[in-house]
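Raw structure19.csv, CSV, C-alpha atoms:
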```csv
chain,number,residue,atom,x,y,z
A,1,MET,CA,-50.6,38.6,54.8
A,2,ILE,CA,-48.6,36.5,52.3
A,3,GLU,CA,-51.9,35.2,50.9
A,4,ARG,CA,-53.1,38.7,50.4
A,5,ILE,CA,-49.9,39.5,48.6
A,6,ARG,CA,-50.2,36.4,46.4
A,7,LEU,CA,-53.9,37.2,45.6
A,8,THR,CA,-53.2,40.9,44.8
A,9,SER,CA,-53.3,41.4,41.0
A,10,ILE,CA,-50.5,43.6,39.7
A,11,SER,CA,-51.1,45.1,36.3
A,12,ALA,CA,-48.6,45.7,33.5
A,13,LYS,CA,-46.3,48.6,34.4
A,14,GLU,CA,-47.1,48.4,38.1
A,15,LEU,CA,-45.0,47.1,41.0
A,16,GLY,CA,-46.6,45.9,44.2
A,17,ILE,CA,-44.8,47.0,47.3
A,18,PHE,CA,-45.9,45.5,50.6
A,19,TRP,CA,-44.4,46.7,53.8
A,20,ILE,CA,-43.9,44.0,56.3
A,21,TRP,CA,-42.3,46.0,59.1
A,22,GLN,CA,-39.0,47.8,59.8
A,23,ASN,CA,-37.0,47.5,56.5
A,24,SER,CA,-38.8,44.3,55.5
A,25,TYR,CA,-40.7,44.5,52.2
A,26,VAL,CA,-42.1,42.1,49.6
A,27,LEU,CA,-42.2,43.3,46.0
A,28,LYS,CA,-44.5,41.7,43.5
A,29,THR,CA,-43.9,42.2,39.7
A,30,PRO,CA,-46.6,42.1,37.0
A,31,ASP,CA,-45.7,38.4,36.2
A,32,GLY,CA,-46.1,37.4,39.9
A,33,THR,CA,-42.4,37.2,40.9
A,34,LEU,CA,-42.1,37.8,44.6
A,35,VAL,CA,-39.0,39.5,46.1
A,36,ALA,CA,-38.4,39.8,49.8
A,37,ILE,CA,-36.0,42.5,51.1
A,38,ASP,CA,-34.5,42.0,54.6
A,39,PRO,CA,-37.2,39.6,55.9
A,40,HIS,CA,-37.3,39.7,59.6
A,41,LEU,CA,-40.2,37.6,60.8
A,42,VAL,CA,-39.2,36.3,64.3
A,43,LYS,CA,-40.3,38.3,67.3
A,44,ASN,CA,-37.4,39.3,69.5
A,45,PRO,CA,-38.5,40.2,73.0
A,46,ASN,CA,-35.3,42.2,73.6
A,47,SER,CA,-35.9,44.5,70.7
A,48,GLU,CA,-37.8,47.8,70.6
A,49,TYR,CA,-39.8,46.2,67.8
A,50,VAL,CA,-42.0,44.1,70.0
A,51,GLY,CA,-45.1,43.8,67.7
A,52,GLU,CA,-46.1,40.5,66.2
A,53,PRO,CA,-44.7,39.8,62.7
A,54,PRO,CA,-47.5,40.0,60.1
A,55,MET,CA,-46.7,36.4,58.9
A,56,ARG,CA,-44.7,33.4,59.9
A,57,PRO,CA,-41.4,32.8,58.1
A,58,GLU,CA,-42.5,29.4,56.9
A,59,GLU,CA,-45.3,31.1,54.9
A,60,MET,CA,-42.9,33.3,53.0
A,61,HIS,CA,-42.6,31.4,49.7
A,62,VAL,CA,-40.8,33.9,47.5
A,63,ASP,CA,-38.6,33.8,44.5
A,64,TYR,CA,-35.8,35.9,45.9
A,65,VAL,CA,-34.6,37.2,49.2
A,66,PHE,CA,-32.2,40.2,49.3
A,67,CYS,CA,-30.4,41.2,52.5
A,68,THR,CA,-28.9,44.6,52.8
A,69,HIS,CA,-26.4,43.7,55.6
A,70,ASP,CA,-25.7,41.1,58.2
A,71,HIS,CA,-27.4,42.5,61.3
A,72,TRP,CA,-30.1,40.4,63.0
A,73,ASP,CA,-32.9,42.7,61.9
A,74,HIS,CA,-31.9,42.5,58.2
A,75,ALA,CA,-30.4,39.1,57.9
A,76,ASP,CA,-32.2,37.3,60.7
A,77,PRO,CA,-30.7,33.8,61.0
A,78,GLN,CA,-34.0,32.3,62.3
A,79,THR,CA,-36.1,33.8,59.5
A,80,LEU,CA,-33.6,32.9,56.8
A,81,GLN,CA,-33.2,29.3,58.0
A,82,VAL,CA,-37.0,28.8,58.1
A,83,ILE,CA,-37.5,30.4,54.6
A,84,GLY,CA,-34.7,28.3,53.3
A,85,LYS,CA,-36.3,25.1,54.6
A,86,HIS,CA,-39.9,25.8,53.6
A,87,SER,CA,-39.4,27.6,50.3
A,88,PRO,CA,-36.9,25.4,48.4
A,89,LYS,CA,-36.9,27.4,45.2
A,90,THR,CA,-35.9,30.7,46.9
A,91,LEU,CA,-32.6,32.3,45.8
A,92,PHE,CA,-30.9,34.3,48.6
A,93,LEU,CA,-28.7,37.3,47.6
A,94,GLY,CA,-26.7,39.8,49.6
A,95,THR,CA,-23.3,41.1,50.8
A,96,PRO,CA,-20.4,38.7,51.3
A,97,GLU,CA,-21.2,38.5,55.0
A,98,CYS,CA,-24.9,37.8,54.2
A,99,TYR,CA,-23.8,35.0,51.9
A,100,GLN,CA,-21.8,33.5,54.8
A,101,ARG,CA,-24.9,33.8,57.0
A,102,PHE,CA,-27.0,32.0,54.3
A,103,LEU,CA,-24.6,29.1,54.3
A,104,SER,CA,-24.4,29.0,58.1
A,105,VAL,CA,-28.1,28.5,58.5
A,106,GLY,CA,-28.2,25.6,56.0
A,107,ILE,CA,-29.0,27.3,52.7
A,108,PRO,CA,-27.2,25.4,50.0
A,109,PRO,CA,-24.6,27.3,48.0
A,110,GLU,CA,-26.5,26.8,44.7
A,111,ARG,CA,-29.4,28.8,46.3
A,112,ALA,CA,-27.2,31.7,47.6
A,113,ARG,CA,-25.2,34.4,46.0
A,114,SER,CA,-22.7,37.0,47.2
A,115,LEU,CA,-23.2,40.2,45.1
A,116,ASP,CA,-20.6,42.6,44.0
A,117,PRO,CA,-21.2,46.4,44.3
A,118,GLY,CA,-21.9,48.1,41.0
A,119,VAL,CA,-22.6,44.9,39.1
A,120,SER,CA,-26.0,44.5,37.5
A,121,ILE,CA,-27.5,41.1,37.4
A,122,THR,CA,-30.6,39.9,35.5
A,123,LEU,CA,-33.2,37.8,37.3
A,124,LYS,CA,-36.7,36.8,36.4
A,125,GLY,CA,-38.3,39.9,34.8
A,126,PHE,CA,-36.0,42.5,36.3
A,127,LYS,CA,-32.4,43.7,36.8
A,128,VAL,CA,-30.8,44.6,40.1
A,129,VAL,CA,-27.6,46.4,41.0
A,130,SER,CA,-26.1,46.5,44.5
A,131,LEU,CA,-24.4,49.7,45.7
A,132,TYR,CA,-22.7,50.5,48.9
A,133,SER,CA,-25.1,52.3,51.3
A,134,ILE,CA,-22.2,53.0,53.7
A,135,LEU,CA,-18.8,53.4,52.1
A,136,PRO,CA,-16.4,50.5,52.8
A,137,GLU,CA,-13.8,52.7,54.4
A,138,VAL,CA,-16.5,53.9,56.9
A,139,THR,CA,-17.7,50.4,57.7
A,140,LYS,CA,-14.1,49.3,58.2
A,141,ALA,CA,-13.2,52.2,60.5
A,142,LEU,CA,-16.3,51.5,62.5
A,143,LYS,CA,-15.7,47.7,62.4
A,144,GLN,CA,-19.1,47.1,60.9
A,145,THR,CA,-20.4,44.7,58.3
A,146,THR,CA,-20.7,45.6,54.6
A,147,HIS,CA,-23.9,47.6,53.9
A,148,TYR,CA,-25.6,47.4,50.5
A,149,SER,CA,-28.5,49.2,48.9
A,150,TYR,CA,-30.3,47.8,45.9
A,151,VAL,CA,-31.8,49.3,42.7
A,152,PHE,CA,-34.4,47.1,41.2
A,153,ASP,CA,-35.1,47.9,37.5
A,154,LEU,CA,-38.2,46.5,35.9
A,155,GLY,CA,-37.8,48.5,32.7
A,156,PHE,CA,-40.9,50.7,33.4
A,157,VAL,CA,-39.9,51.6,37.0
A,158,ARG,CA,-36.9,51.6,39.3
A,159,LEU,CA,-37.1,51.1,43.0
A,160,TYR,CA,-34.2,52.0,45.3
A,161,ASP,CA,-34.0,50.3,48.7
A,162,PHE,CA,-31.2,51.8,50.7
A,163,GLY,CA,-31.2,49.5,53.7
A,164,ASP,CA,-29.4,51.3,56.6
A,165,SER,CA,-27.4,54.2,55.2
```

As structure tokens, please, write out the structure in this file.
Amino acid sequence: MIERIRLTSISAKELGIFWIWQNSYVLKTPDGTLVAIDPHLVKNPNSEYVGEPPMRPEEMHVDYVFCTHDHWDHADPQTLQVIGKHSPKTLFLGTPECYQRFLSVGIPPERARSLDPGVSITLKGFKVVSLYSILPEVTKALKQTTHYSYVFDLGFVRLYDFGDS
């Protein structure tokens, strides 16, 4: 599937959106930048999601990986570790807990970022702002991890990925 994504031509003022499964997506910008959201590419036999992933994690050579929160099906340690090893230019971004997950699977600190809610950052050809998808007081009361959503702004279009909200 990743080859199909790479070979797909994206015209100016278009955004390619490729659904992988569950909340896993790859975005492709007109300049060819690839952004993965919540890549989860390792089959878990104990999960209700028992299908085969559409690609192997070592094939996912992308520019950026964004994780919405630190649950196994959104910040899968196996998937992140393999992408980190096989795609040495990928930058990993997410919540503070996701940042710790990135480091724990061997992703070097210079390739990982903890994002702050409400702060816009500029990357290659787009801006992104992270927002709480579940309010911090709710996650604290439920003893859950921080949950972010992301607004990707390419100038001509905005995409809102709300993770688990």

At a cut-off of 10 Å, using all atoms listed in the file, what residues contact region 16-25 of chain A? Leave out same-chain residues fewer than 4 positions from it and give the result as a VMD selection string. chain A and resid 1 to 2 4 to 5 8 to 11 29 to 30 32 34 to 41 49 51 to 55 65 to 68 73 to 74 159 161 to 164

When you look at Tyr150 (chain A) with a cut-off of 6 Å (counting all atoms listed in the file), what residues show up, excluding the ones that are within fewer than 6 positions of it in the same chain? I need them as a VMD selection string. chain A and resid 129 to 130 160 to 161

Could you give me, as an MDAnalysis selection string, the residues that sit within 12 Å of (-32.7, 25.5, 49.3) in the file's coordinates, counting all atoms listed in the file? chainID A and resid 61:65 80:92 102:103 105:112

Nearest to Lys124 (chain A) by atom-to-atom distance, counting only C-alpha atoms, from A:Ser104, A:Asp70, A:Phe156, A:Thr33: A:Thr33

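In this comparison, which uses all atoms listed in the file, the residue of A:Thr95, A:Gln78, A:Ser165, A:Ser149 approaching Val128 (chain A) most closely is A:Ser149.
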
Using all atoms listed in the file, find the one residue out of A:Val151, A:Leu115, A:Leu93, A:Leu27 that sits nearest to Lys127 (chain A). A:Val151

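The space between CA of Tyr132 (chain A) and CA of Gly155 (chain A) spans 22.2 Å.
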
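Proximity of A:Lys43, A:His69, A:Arg6, A:Lys28 to Thr139 (chain A), computed with only C-alpha atoms, is greatest for A:His69.
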
Separation of CA of Leu131 (chain A) and CA of His147 (chain A), in Å? 8.5 Å

Starting from the point (-21.5, 38.7, 50.9), work out which residues of protein, DNA or RNA have an atom no more than 8 Å away when counting only C-alpha atoms; state them as an NGL selection string. :A and (94-100 or 113-116 or 146)

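Atom pair CA of Leu154 (chain A) / CA of Phe126 (chain A): separated by 4.6 Å.
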